[in-house]
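What follows is the content of upload_22.cif (mmCIF, C-alpha atoms).
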data_entry
loop_
_atom_site.group_PDB
_atom_site.id
_atom_site.type_symbol
_atom_site.label_atom_id
_atom_site.label_comp_id
_atom_site.auth_asym_id
_atom_site.auth_seq_id
_atom_site.Cartn_x
_atom_site.Cartn_y
_atom_site.Cartn_z
ATOM 1 C CA CYS A 1 0.000 0.000 0.000
ATOM 2 C CA SER A 2 2.820 2.391 0.895
ATOM 3 C CA SER A 3 4.605 1.733 -2.413
ATOM 4 C CA MET A 4 1.387 2.231 -4.362
ATOM 5 C CA LEU A 5 0.748 5.561 -2.658
ATOM 6 C CA ASP A 6 4.327 6.609 -3.370
ATOM 7 C CA SER A 7 3.812 5.814 -7.057
ATOM 8 C CA LEU A 8 0.480 7.648 -7.038
ATOM 9 C CA ASN A 9 2.193 10.697 -5.565
ATOM 10 C CA GLU A 10 4.833 10.648 -8.307
ATOM 11 C CA CYS A 11 2.085 10.464 -10.937
ATOM 12 C CA MET A 12 0.253 13.421 -9.367
ATOM 13 C CA GLN A 13 3.442 15.471 -9.271
ATOM 14 C CA LEU A 14 3.981 14.803 -12.977
ATOM 15 C CA SER A 15 0.356 15.400 -13.986
ATOM 16 C CA GLY A 16 -0.127 18.536 -11.907
ATOM 17 C CA CYS A 17 -3.166 20.566 -12.848
ATOM 18 C CA LEU A 18 -3.943 18.213 -15.746
ATOM 19 C CA LEU A 19 -5.927 16.085 -13.301
ATOM 20 C CA ASP A 20 -9.633 16.827 -13.681
ATOM 21 C CA GLU A 21 -12.207 17.069 -10.907
ATOM 22 C CA ASN A 22 -13.379 13.478 -11.257
ATOM 23 C CA GLN A 23 -9.822 12.198 -11.012
ATOM 24 C CA VAL A 24 -9.120 14.316 -7.937
ATOM 25 C CA ARG A 25 -12.320 13.038 -6.348
ATOM 26 C CA ALA A 26 -11.370 9.439 -7.110
ATOM 27 C CA ILE A 27 -7.928 9.956 -5.548
ATOM 28 C CA SER A 28 -9.428 11.636 -2.480
ATOM 29 C CA ASP A 29 -11.906 8.798 -2.042
ATOM 30 C CA GLU A 30 -9.111 6.240 -2.204
ATOM 31 C CA ILE A 31 -7.069 8.184 0.342
ATOM 32 C CA LYS A 32 -10.115 8.185 2.612
ATOM 33 C CA ASN A 33 -10.452 4.421 2.166
ATOM 34 C CA VAL A 34 -6.762 3.950 2.999
ATOM 35 C CA ILE A 35 -7.137 5.941 6.236
ATOM 36 C CA ILE A 36 -10.247 3.976 7.247
ATOM 37 C CA ALA A 37 -8.646 0.618 6.451
ATOM 38 C CA SER A 38 -5.493 1.559 8.329
ATOM 39 C CA ALA A 39 -7.468 2.591 11.411
ATOM 40 C CA THR A 40 -9.325 -0.729 11.292
ATOM 41 C CA ARG A 41 -6.076 -2.681 11.104
ATOM 42 C CA LYS A 42 -4.668 -0.769 14.058
ATOM 43 C CA ARG A 43 -7.753 -1.535 16.137
ATOM 44 C CA ASP A 44 -7.466 -5.202 15.240
ATOM 45 C CA ARG A 45 -3.819 -5.261 16.290
ATOM 46 C CA SER A 46 -4.690 -3.559 19.549
ATOM 47 C CA GLU A 47 -7.265 -6.263 20.239
ATOM 48 C CA ARG A 48 -4.692 -8.955 19.514
ATOM 49 C CA THR A 49 -2.511 -7.670 22.345
ATOM 50 C CA LYS A 50 -5.331 -8.478 24.777
ATOM 51 C CA ALA A 51 -5.485 -12.149 23.830
ATOM 52 C CA GLU A 52 -4.461 -14.652 26.503
ATOM 53 C CA ASP A 53 -1.973 -16.360 24.198
ATOM 54 C CA PHE A 54 -0.292 -13.088 23.119
ATOM 55 C CA ASP A 55 3.481 -13.456 23.461
ATOM 56 C CA ALA A 56 6.743 -11.623 22.774
ATOM 57 C CA ASP A 57 7.089 -13.047 19.266
ATOM 58 C CA GLU A 58 3.691 -11.771 18.253
ATOM 59 C CA GLY A 59 4.505 -8.476 19.942
ATOM 60 C CA GLU A 60 7.557 -8.111 17.705
ATOM 61 C CA LEU A 61 5.420 -8.901 14.674
ATOM 62 C CA LEU A 62 2.861 -6.272 15.675
ATOM 63 C CA LYS A 63 5.650 -3.731 16.112
ATOM 64 C CA GLU A 64 6.776 -4.357 12.525
ATOM 65 C CA GLU A 65 3.196 -4.068 11.281
ATOM 66 C CA ASN A 66 2.759 -0.767 13.115
ATOM 67 C CA GLU A 67 5.947 0.568 11.531
ATOM 68 C CA GLN A 68 4.633 -0.407 8.098
ATOM 69 C CA GLU A 69 1.350 1.328 8.953
ATOM 70 C CA GLU A 70 3.221 4.525 9.732
ATOM 71 C CA GLU A 71 4.822 4.347 6.293
ATOM 72 C CA VAL A 72 1.315 4.213 4.838
ATOM 73 C CA PHE A 73 0.286 7.287 6.832
ATOM 74 C CA ASP A 74 3.444 9.071 5.725
ATOM 75 C CA GLN A 75 2.524 8.486 2.088
ATOM 76 C CA VAL A 76 -1.044 9.628 2.763
ATOM 77 C CA GLY A 77 0.435 12.897 4.019
ATOM 78 C CA GLU A 78 2.682 13.178 0.955
ATOM 79 C CA CYS A 79 -0.239 12.583 -1.422
ATOM 80 C CA LEU A 80 -2.447 15.129 0.299
ATOM 81 C CA GLY A 81 0.431 17.607 0.363
ATOM 82 C CA THR A 82 0.833 17.258 -3.403
ATOM 83 C CA LEU A 83 -2.901 17.754 -3.992
ATOM 84 C CA ILE A 84 -2.980 20.807 -1.724
ATOM 85 C CA LYS A 85 0.090 22.404 -3.327
ATOM 86 C CA THR A 86 -1.227 21.699 -6.826
ATOM 87 C CA PHE A 87 -4.864 22.760 -6.488
ATOM 88 C CA LYS A 88 -4.691 25.069 -3.455
ATOM 89 C CA ALA A 89 -8.117 26.427 -2.416
ATOM 90 C CA SER A 90 -9.943 24.471 -5.110
ATOM 91 C CA PHE A 91 -8.982 21.294 -3.237
ATOM 92 C CA LEU A 92 -10.709 22.417 -0.030
ATOM 93 C CA PRO A 93 -14.125 20.854 -0.836
ATOM 94 C CA PHE A 94 -12.342 17.496 -1.038
ATOM 95 C CA PHE A 95 -10.382 18.234 2.132
ATOM 96 C CA ASP A 96 -13.637 19.016 3.937
ATOM 97 C CA GLU A 97 -14.694 15.420 3.334
ATOM 98 C CA LEU A 98 -11.306 14.102 4.469
ATOM 99 C CA SER A 99 -10.923 16.334 7.519
ATOM 100 C CA VAL A 100 -13.174 14.131 9.644
ATOM 101 C CA TYR A 101 -10.604 11.357 9.153
ATOM 102 C CA VAL A 102 -7.534 13.594 9.536
ATOM 103 C CA THR A 103 -8.547 15.350 12.763
ATOM 104 C CA PRO A 104 -8.632 12.156 14.897
ATOM 105 C CA MET A 105 -4.982 11.596 13.923
ATOM 106 C CA LEU A 106 -4.150 14.533 16.214
ATOM 107 C CA GLY A 107 -5.376 12.705 19.316
ATOM 108 C CA LYS A 108 -3.049 11.969 22.214
ATOM 109 C CA ASP A 109 -3.794 8.271 21.764
ATOM 110 C CA LYS A 110 -2.199 8.346 18.308
ATOM 111 C CA THR A 111 1.458 7.767 17.524
ATOM 112 C CA ALA A 112 3.856 10.684 17.203
ATOM 113 C CA GLU A 113 4.141 9.982 13.476
ATOM 114 C CA GLU A 114 0.371 10.154 12.985
ATOM 115 C CA ARG A 115 0.210 13.448 14.871
ATOM 116 C CA ARG A 116 3.114 14.857 12.870
ATOM 117 C CA ILE A 117 1.498 13.913 9.567
ATOM 118 C CA ALA A 118 -1.874 15.401 10.540
ATOM 119 C CA ILE A 119 -0.168 18.650 11.585
ATOM 120 C CA CYS A 120 1.813 18.772 8.333
ATOM 121 C CA ILE A 121 -1.413 18.374 6.358
ATOM 122 C CA PHE A 122 -2.893 21.404 8.103
ATOM 123 C CA ASP A 123 0.379 23.318 7.678
ATOM 124 C CA ASP A 124 0.083 22.756 3.924
ATOM 125 C CA ILE A 125 -3.561 23.854 3.947
ATOM 126 C CA ALA A 126 -2.761 27.043 5.881
ATOM 127 C CA GLU A 127 0.266 27.883 3.727
ATOM 128 C CA GLN A 128 -1.169 27.117 0.306
ATOM 129 C CA CYS A 129 -4.784 28.244 0.811
ATOM 130 C CA ARG A 130 -4.150 31.302 3.005
ATOM 131 C CA GLU A 131 -7.397 33.258 3.527
ATOM 132 C CA SER A 132 -9.486 30.307 2.381
ATOM 133 C CA ALA A 133 -7.971 28.207 5.173
ATOM 134 C CA LEU A 134 -8.983 30.550 7.996
ATOM 135 C CA LYS A 135 -12.159 28.545 8.623
ATOM 136 C CA TYR A 136 -10.019 25.636 9.838
ATOM 137 C CA TYR A 137 -8.066 27.613 12.438
ATOM 138 C CA ASP A 138 -10.550 27.029 15.266
ATOM 139 C CA THR A 139 -10.211 23.280 14.771
ATOM 140 C CA TYR A 140 -6.497 22.894 14.109
ATOM 141 C CA VAL A 141 -4.588 25.765 15.754
ATOM 142 C CA PRO A 142 -5.324 24.555 19.316
ATOM 143 C CA PHE A 143 -3.621 21.296 18.333
ATOM 144 C CA LEU A 144 -0.624 23.260 17.017
ATOM 145 C CA LEU A 145 -0.323 25.138 20.289
ATOM 146 C CA GLU A 146 -0.507 21.951 22.333
ATOM 147 C CA ALA A 147 1.858 20.033 20.052
ATOM 148 C CA SER A 148 4.441 22.831 20.185
ATOM 149 C CA ASN A 149 5.602 21.371 23.484
ATOM 150 C CA ASP A 150 5.200 17.712 22.492
ATOM 151 C CA ASP A 151 7.815 15.252 23.723
ATOM 152 C CA ASN A 152 8.587 14.250 20.137
ATOM 153 C CA SER A 153 10.885 16.707 18.346
ATOM 154 C CA ASP A 154 9.409 16.009 14.893
ATOM 155 C CA VAL A 155 5.917 16.799 16.177
ATOM 156 C CA ARG A 156 7.245 19.997 17.782
ATOM 157 C CA GLN A 157 8.926 21.030 14.549
ATOM 158 C CA ALA A 158 5.735 20.563 12.511
ATOM 159 C CA ALA A 159 3.695 22.423 15.124
ATOM 160 C CA VAL A 160 5.934 25.478 15.493
ATOM 161 C CA TYR A 161 6.330 25.670 11.714
ATOM 162 C CA GLY A 162 2.541 25.751 11.512
ATOM 163 C CA LEU A 163 2.378 28.569 14.048
ATOM 164 C CA GLY A 164 4.724 30.557 11.822
ATOM 165 C CA VAL A 165 2.501 29.923 8.812
ATOM 166 C CA CYS A 166 -0.580 30.990 10.766
ATOM 167 C CA ALA A 167 1.211 34.100 12.007
ATOM 168 C CA GLU A 168 2.036 35.014 8.411
ATOM 169 C CA PHE A 169 -1.327 34.294 6.797
ATOM 170 C CA GLY A 170 -3.819 34.202 9.686
ATOM 171 C CA GLY A 171 -4.313 37.949 10.069
ATOM 172 C CA LEU A 172 -7.022 38.915 12.537
ATOM 173 C CA THR A 173 -8.042 35.282 12.988
ATOM 174 C CA PHE A 174 -4.665 34.475 14.520
ATOM 175 C CA ARG A 175 -4.313 37.756 16.437
ATOM 176 C CA PRO A 176 -6.060 36.595 19.670
ATOM 177 C CA LEU A 177 -3.702 33.607 19.824
ATOM 178 C CA VAL A 178 -0.450 35.555 19.531
ATOM 179 C CA GLY A 179 0.185 35.684 23.272
ATOM 180 C CA GLU A 180 -0.227 31.937 23.730
ATOM 181 C CA ALA A 181 1.836 31.263 20.616
ATOM 182 C CA LEU A 182 4.672 33.409 22.002
ATOM 183 C CA SER A 183 4.590 31.455 25.240
ATOM 184 C CA LYS A 184 4.758 28.107 23.434
ATOM 185 C CA LEU A 185 7.572 29.258 21.153
ATOM 186 C CA ASN A 186 9.498 30.612 24.110
ATOM 187 C CA ASN A 187 9.259 27.198 25.783
ATOM 188 C CA VAL A 188 10.807 25.578 22.710
ATOM 189 C CA ILE A 189 13.539 28.180 22.282
ATOM 190 C CA ARG A 190 14.516 28.422 25.969
ATOM 191 C CA HIS A 191 14.497 24.705 26.689
ATOM 192 C CA PRO A 192 17.893 23.676 28.145
ATOM 193 C CA GLU A 193 18.405 21.138 25.344
ATOM 194 C CA ALA A 194 16.857 23.248 22.581
ATOM 195 C CA GLN A 195 20.004 23.198 20.445
ATOM 196 C CA HIS A 196 20.766 19.534 20.954
ATOM 197 C CA ALA A 197 21.037 17.663 17.645
ATOM 198 C CA ASP A 198 17.667 15.975 18.203
ATOM 199 C CA ASN A 199 15.908 19.284 18.867
ATOM 200 C CA ILE A 200 17.687 21.784 16.635
ATOM 201 C CA MET A 201 15.226 21.634 13.725
ATOM 202 C CA ALA A 202 12.330 22.393 16.065
ATOM 203 C CA TYR A 203 14.409 25.227 17.546
ATOM 204 C CA ASP A 204 15.143 26.751 14.131
ATOM 205 C CA ASN A 205 11.475 26.581 13.140
ATOM 206 C CA ALA A 206 10.432 28.138 16.449
ATOM 207 C CA VAL A 207 12.851 31.037 15.889
ATOM 208 C CA SER A 208 11.449 31.488 12.378
ATOM 209 C CA ALA A 209 7.884 31.486 13.728
ATOM 210 C CA LEU A 210 8.871 34.063 16.350
ATOM 211 C CA GLY A 211 10.240 36.274 13.577
ATOM 212 C CA LYS A 212 6.952 36.040 11.683
ATOM 213 C CA ILE A 213 5.044 37.124 14.769
ATOM 214 C CA CYS A 214 7.426 40.091 15.044
ATOM 215 C CA GLN A 215 6.786 40.926 11.397
ATOM 216 C CA PHE A 216 3.049 40.374 11.058
ATOM 217 C CA HIS A 217 1.731 40.996 14.595
ATOM 218 C CA ARG A 218 4.080 43.605 15.972
ATOM 219 C CA ASP A 219 1.261 45.770 17.277
ATOM 220 C CA GLY A 220 0.042 42.828 19.372
ATOM 221 C CA ILE A 221 3.321 42.158 21.205
ATOM 222 C CA ASP A 222 5.822 43.979 23.394
ATOM 223 C CA ALA A 223 8.141 44.525 20.438
ATOM 224 C CA ALA A 224 10.817 46.223 22.539
ATOM 225 C CA GLN A 225 11.223 42.932 24.422
ATOM 226 C CA VAL A 226 10.393 40.323 21.789
ATOM 227 C CA ILE A 227 12.465 41.605 18.856
ATOM 228 C CA PRO A 228 15.774 41.718 20.805
ATOM 229 C CA ALA A 229 14.988 38.212 22.089
ATOM 230 C CA TRP A 230 14.503 37.075 18.489
ATOM 231 C CA LEU A 231 17.784 38.731 17.450
ATOM 232 C CA GLY A 232 19.509 36.889 20.265
ATOM 233 C CA CYS A 233 18.549 33.568 18.643
ATOM 234 C CA LEU A 234 20.140 34.411 15.299
ATOM 235 C CA PRO A 235 21.659 33.145 13.158
ATOM 236 C CA ILE A 236 19.996 29.776 12.683
ATOM 237 C CA LYS A 237 21.963 27.288 10.632
ATOM 238 C CA ASP A 238 20.506 23.787 10.543
ATOM 239 C CA ASP A 239 17.189 24.242 8.733
ATOM 240 C CA LYS A 240 18.491 25.837 5.535
ATOM 241 C CA ILE A 241 15.041 26.787 4.243
ATOM 242 C CA GLU A 242 14.003 28.565 7.431
ATOM 243 C CA ALA A 243 17.460 30.119 7.774
ATOM 244 C CA LYS A 244 17.000 31.811 4.401
ATOM 245 C CA VAL A 245 13.543 33.058 5.407
ATOM 246 C CA VAL A 246 14.748 34.441 8.726
ATOM 247 C CA HIS A 247 17.894 36.096 7.431
ATOM 248 C CA ASP A 248 16.044 37.611 4.454
ATOM 249 C CA GLN A 249 13.599 39.047 6.961
ATOM 250 C CA LEU A 250 16.419 40.545 9.017
ATOM 251 C CA CYS A 251 17.961 42.067 5.872
ATOM 252 C CA SER A 252 14.635 43.703 4.986
ATOM 253 C CA MET A 253 14.301 45.147 8.473
ATOM 254 C CA VAL A 254 17.808 46.597 8.369
ATOM 255 C CA GLU A 255 17.314 47.991 4.852
ATOM 256 C CA ARG A 256 14.313 49.985 6.018
ATOM 257 C CA SER A 257 16.149 51.089 9.198
ATOM 258 C CA ASP A 258 13.620 49.383 11.458
ATOM 259 C CA ALA A 259 14.025 51.284 14.727
ATOM 260 C CA GLN A 260 13.076 48.370 16.974
ATOM 261 C CA VAL A 261 15.511 46.026 15.248
ATOM 262 C CA LEU A 262 18.372 48.513 15.407
ATOM 263 C CA GLY A 263 17.452 49.459 18.975
ATOM 264 C CA PRO A 264 17.878 52.760 20.832
ATOM 265 C CA HIS A 265 20.926 54.576 19.482
ATOM 266 C CA SER A 266 21.509 51.542 17.184
ATOM 267 C CA GLN A 267 22.641 49.484 20.173
ATOM 268 C CA TYR A 268 21.804 46.194 18.423
ATOM 269 C CA LEU A 269 23.845 47.019 15.332
ATOM 270 C CA PRO A 270 26.971 45.118 16.510
ATOM 271 C CA LYS A 271 24.825 42.025 17.097
ATOM 272 C CA ILE A 272 23.291 42.365 13.630
ATOM 273 C CA VAL A 273 26.733 42.694 12.036
ATOM 274 C CA SER A 274 27.914 39.577 13.884
ATOM 275 C CA ILE A 275 24.834 37.678 12.640
ATOM 276 C CA PHE A 276 25.584 38.621 9.039
ATOM 277 C CA ALA A 277 29.242 37.684 9.508
ATOM 278 C CA GLU A 278 28.278 34.228 10.804
ATOM 279 C CA VAL A 279 25.882 33.726 7.905
ATOM 280 C CA PHE A 280 28.539 34.647 5.351
ATOM 281 C CA CYS A 281 31.072 32.321 6.968
ATOM 282 C CA ALA A 282 28.664 29.392 7.355
#
Spit out the file's structure as structure tokens when you get a sec.
Amino acid sequence: CSSMLDSLNECMQLSGCLLDENQVRAISDEIKNVIIASATRKRDRSERTKAEDFDADEGELLKEENEQEEEVFDQVGECLGTLIKTFKASFLPFFDELSVYVTPMLGKDKTAEERRIAICIFDDIAEQCRESALKYYDTYVPFLLEASNDDNSDVRQAAVYGLGVCAEFGGLTFRPLVGEALSKLNNVIRHPEAQHADNIMAYDNAVSALGKICQFHRDGIDAAQVIPAWLGCLPIKDDKIEAKVVHDQLCSMVERSDAQVLGPHSQYLPKIVSIFAEVFCA
């Protein structure tokens, strides 16, 4: 099933917008069927663990089956990501039908990989559909906020990336959540092991999200405190994509002589110069 979904995703990437509505519907229906079938298999495996004759050998077999199931979910996420990036808001009617199956994947009883995939699906929706995705914020953003401090670093990374996307495109819908988002991002950034190899990608994405809040919601924060804190996290180096976003943002702020970035009497200018020097030398 995983291999078939991988092949389907390659076909969709090649076909792009040439897929017609009926074909997109057929693909969406099959993705729905895959999610339902996978959930059924997981329930069956859970029941097997309760059998009196369940032993270590069968436990090892179930572990392998669960790992294969996560590969299926991963490909489901890839396929939906391709559809969302290709058709953007025109895919939302199909997503509305799928959302009832995606949302349960965010539950605490689900695996970290399932939660990560569900968050990534919403991240794609929010990023690609922008204003058209605002109607989903009430459902999904609370999960992003909670998952920002998840024990699993991949889940945290997906969640804080999503907060950055929502900060950029959420406008007034996201505004009431800025304070809580700042608190969650601060927890990620200030964690004692934030820059450990296992956590660094989540850290970089949290710093990027913080920068987007500074850029798009400055009037809703204590900018005199938050912007210097953001500067203190720069440069970021491990997530190359987010590093480019963040450092481009800093360049734009400096080019327009942003007073809060430069600080009183340009006191942050030496820090900014050192950031640029590190970026050039990286």
Neighbour list for Ile227 (chain A) as a PDB file with C-alpha atoms, in the frame of the given file, cut-off 10 Å, only C-alpha atoms, skip fewer than 3 positions in-chain:
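The resulting file, around08.pdb, is shown below:
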ATOM      1  CA  LEU A 210       8.871  34.063  16.350  1.00  0.00           C
ATOM      2  CA  GLY A 211      10.240  36.274  13.577  1.00  0.00           C
ATOM      3  CA  ILE A 213       5.044  37.124  14.769  1.00  0.00           C
ATOM      4  CA  CYS A 214       7.426  40.091  15.044  1.00  0.00           C
ATOM      5  CA  GLN A 215       6.786  40.926  11.397  1.00  0.00           C
ATOM      6  CA  ARG A 218       4.080  43.605  15.972  1.00  0.00           C
ATOM      7  CA  ILE A 221       3.321  42.158  21.205  1.00  0.00           C
ATOM      8  CA  ASP A 222       5.822  43.979  23.394  1.00  0.00           C
ATOM      9  CA  ALA A 223       8.141  44.525  20.438  1.00  0.00           C
ATOM     10  CA  ALA A 224      10.817  46.223  22.539  1.00  0.00           C
ATOM     11  CA  TRP A 230      14.503  37.075  18.489  1.00  0.00           C
ATOM     12  CA  LEU A 231      17.784  38.731  17.450  1.00  0.00           C
ATOM     13  CA  GLY A 232      19.509  36.889  20.265  1.00  0.00           C
ATOM     14  CA  GLN A 260      13.076  48.370  16.974  1.00  0.00           C
ATOM     15  CA  VAL A 261      15.511  46.026  15.248  1.00  0.00           C
ATOM     16  CA  LEU A 262      18.372  48.513  15.407  1.00  0.00           C
ATOM     17  CA  GLY A 263      17.452  49.459  18.975  1.00  0.00           C
TER      18      GLY A 263
END
- Query: Which neighbours of Glu69 (chain A) fall inside 9 Å, counting only C-alpha atoms, when residues of the same chain fewer than 5 positions from it are skipped, and could you give them as a ChimeraX atom specification?
  - Reply: /A:2,38,41-42,64,74
- Item | Best match for closeness to Val24 (chain A) among A:Thr49, A:Ser274, A:Ser3, A:Thr86, counting all atoms listed in the file |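 Smallest separation from Val24 (chain A) among the options: A:Thr86.
For the atom pair formed by CA of Asp55 (chain A) and CA of Lys110 (chain A), the distance is 23.1 Å, given to one decimal.
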- Query: Which residue gives the smallest distance to Arg156 (chain A) among A:Asp6, A:Asp44, A:Asp219, A:Asp204, with all atoms listed in the file counted?
  - Reply: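 Nearest to Arg156 (chain A): A:Asp204.
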- Task: For CA of Gly81 (chain A) and CA of Ile125 (chain A), quote the distance in Å rounded to one decimal.
- Result: 8.2 Å
- Message: For this structure, which residues satisfy the selection - the PyMOL selection byres ((chain A and resi 93) around 12) - when it is evaluated on the file as given? I want them as a PyMOL selection string.
- Response: chain A and resi 21+24-25+28+84+87-92+94-99+125+132-133
- Query: Which is closer to Ala209 (chain A) than all the others in A:Ala159, A:Ala277, A:Glu255, A:Thr173, using all atoms listed in the file?
  - Reply: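 Ranking A:Ala159, A:Ala277, A:Glu255, A:Thr173 by distance to Ala209 (chain A), first place goes to A:Ala159.
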Radius query 10 Å about (-1.2, 25.7, 7.4), atoms used: only C-alpha atoms, as a PDB file with C-alpha atoms, keeping the file's coordinate frame:
ATOM      1  CA  ILE A 119      -0.168  18.650  11.585  1.00  0.00           C
ATOM      2  CA  CYS A 120       1.813  18.772   8.333  1.00  0.00           C
ATOM      3  CA  ILE A 121      -1.413  18.374   6.358  1.00  0.00           C
ATOM      4  CA  PHE A 122      -2.893  21.404   8.103  1.00  0.00           C
ATOM      5  CA  ASP A 123       0.379  23.318   7.678  1.00  0.00           C
ATOM      6  CA  ASP A 124       0.083  22.756   3.924  1.00  0.00           C
ATOM      7  CA  ILE A 125      -3.561  23.854   3.947  1.00  0.00           C
ATOM      8  CA  ALA A 126      -2.761  27.043   5.881  1.00  0.00           C
ATOM      9  CA  GLU A 127       0.266  27.883   3.727  1.00  0.00           C
ATOM     10  CA  GLN A 128      -1.169  27.117   0.306  1.00  0.00           C
ATOM     11  CA  CYS A 129      -4.784  28.244   0.811  1.00  0.00           C
ATOM     12  CA  ARG A 130      -4.150  31.302   3.005  1.00  0.00           C
ATOM     13  CA  ALA A 133      -7.971  28.207   5.173  1.00  0.00           C
ATOM     14  CA  LEU A 134      -8.983  30.550   7.996  1.00  0.00           C
ATOM     15  CA  TYR A 136     -10.019  25.636   9.838  1.00  0.00           C
ATOM     16  CA  TYR A 137      -8.066  27.613  12.438  1.00  0.00           C
ATOM     17  CA  TYR A 140      -6.497  22.894  14.109  1.00  0.00           C
ATOM     18  CA  VAL A 141      -4.588  25.765  15.754  1.00  0.00           C
ATOM     19  CA  LEU A 144      -0.624  23.260  17.017  1.00  0.00           C
ATOM     20  CA  ALA A 159       3.695  22.423  15.124  1.00  0.00           C
ATOM     21  CA  TYR A 161       6.330  25.670  11.714  1.00  0.00           C
ATOM     22  CA  GLY A 162       2.541  25.751  11.512  1.00  0.00           C
ATOM     23  CA  LEU A 163       2.378  28.569  14.048  1.00  0.00           C
ATOM     24  CA  GLY A 164       4.724  30.557  11.822  1.00  0.00           C
ATOM     25  CA  VAL A 165       2.501  29.923   8.812  1.00  0.00           C
ATOM     26  CA  CYS A 166      -0.580  30.990  10.766  1.00  0.00           C
ATOM     27  CA  ALA A 167       1.211  34.100  12.007  1.00  0.00           C
ATOM     28  CA  GLU A 168       2.036  35.014   8.411  1.00  0.00           C
ATOM     29  CA  PHE A 169      -1.327  34.294   6.797  1.00  0.00           C
ATOM     30  CA  GLY A 170      -3.819  34.202   9.686  1.00  0.00           C
TER      31      GLY A 170
END
- Grab the CA of Val102 (chain A) to CA of Gln23 (chain A) distance for me, in Å with one decimal place. 20.7 Å
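Among the candidates A:Leu177, A:Ala282, A:Val207, A:Met105, the residue lying nearest to Val245 (chain A) is A:Val207 (atoms considered: all atoms listed in the file).
Across the chains present, the PyMOL selection byres ((chain A and resi 185) around 9) applied to this file returns Leu145, Ser148, Asn149, Val160, Leu163, Glu180, Ala181, Leu182, Ser183, Lys184, Asn186, Asn187, Val188, Ile189, Arg190, Tyr203, Ala206, Val207, Ala209 and Leu210 of chain A.
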Residues just named, written with C-alpha atoms as a short mmCIF file (atom, residue, chain, number, x, y, z; two decimals), in the frame of the given file:
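And here's again19.cif as it stands now:
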data_model
loop_
_atom_site.label_atom_id
_atom_site.label_comp_id
_atom_site.auth_asym_id
_atom_site.auth_seq_id
_atom_site.Cartn_x
_atom_site.Cartn_y
_atom_site.Cartn_z
CA LEU A 145 -0.32 25.14 20.29
CA SER A 148 4.44 22.83 20.18
CA ASN A 149 5.60 21.37 23.48
CA VAL A 160 5.93 25.48 15.49
CA LEU A 163 2.38 28.57 14.05
CA GLU A 180 -0.23 31.94 23.73
CA ALA A 181 1.84 31.26 20.62
CA LEU A 182 4.67 33.41 22.00
CA SER A 183 4.59 31.46 25.24
CA LYS A 184 4.76 28.11 23.43
CA ASN A 186 9.50 30.61 24.11
CA ASN A 187 9.26 27.20 25.78
CA VAL A 188 10.81 25.58 22.71
CA ILE A 189 13.54 28.18 22.28
CA ARG A 190 14.52 28.42 25.97
CA TYR A 203 14.41 25.23 17.55
CA ALA A 206 10.43 28.14 16.45
CA VAL A 207 12.85 31.04 15.89
CA ALA A 209 7.88 31.49 13.73
CA LEU A 210 8.87 34.06 16.35
#
- Cut-off 10 Å around (21.1, 30.5, 10.4) with only C-alpha atoms: residues as JSON, numbers by chain: {"A": [204, 207, 208, 233, 234, 235, 236, 237, 238, 239, 240, 241, 242, 243, 244, 245, 246, 247, 275, 276, 278, 279, 280, 282]}
- Would you mind telling me which residue in A:Asn152, A:Leu14, A:Gln267, A:Phe54 lies nearest to Thr111 (chain A) when using only C-alpha atoms?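 Using only C-alpha atoms, the shortest distance to Thr111 (chain A) belongs to A:Asn152.
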- For the file shown, report as a count of residues only the outcome of the PyMOL selection byres ((chain A and resi 16) around 9) at residue level. 12
Box in all listed atoms of region 176-179 of chain A, axis-aligned, with 4 Å more on each side; write out centre and edge lengths in Å to one decimal as JSON.
{"center_x": -2.9, "center_y": 35.1, "center_z": 21.4, "size_x": 14.2, "size_y": 11.0, "size_z": 11.7}
Output region 261-269 of chain A with N, CA and C atoms present, as a tab-separated table (two decimals), in the frame of the given file.
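Listing of out-v6.tsv after writing:
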chain	number	residue	atom	x	y	z
A	261	VAL	N	14.46	47.00	15.52
A	261	VAL	CA	15.51	46.03	15.25
A	261	VAL	C	16.88	46.62	15.55
A	262	LEU	N	17.08	47.86	15.15
A	262	LEU	CA	18.37	48.51	15.41
A	262	LEU	C	18.54	48.86	16.88
A	263	GLY	N	17.41	49.14	17.56
A	263	GLY	CA	17.45	49.46	18.98
A	263	GLY	C	17.76	50.92	19.24
A	264	PRO	N	17.56	51.37	20.48
A	264	PRO	CA	17.88	52.76	20.83
A	264	PRO	C	19.35	53.07	20.55
A	265	HIS	N	19.56	54.16	19.83
A	265	HIS	CA	20.93	54.58	19.48
A	265	HIS	C	21.68	53.46	18.75
A	266	SER	N	20.93	52.64	17.99
A	266	SER	CA	21.51	51.54	17.18
A	266	SER	C	22.32	50.57	18.03
A	267	GLN	N	21.86	50.32	19.26
A	267	GLN	CA	22.64	49.48	20.17
A	267	GLN	C	22.71	48.02	19.73
A	268	TYR	N	21.77	47.59	18.87
A	268	TYR	CA	21.80	46.19	18.42
A	268	TYR	C	22.59	46.01	17.13
A	269	LEU	N	23.12	47.11	16.60
A	269	LEU	CA	23.84	47.02	15.33
A	269	LEU	C	25.05	46.07	15.39
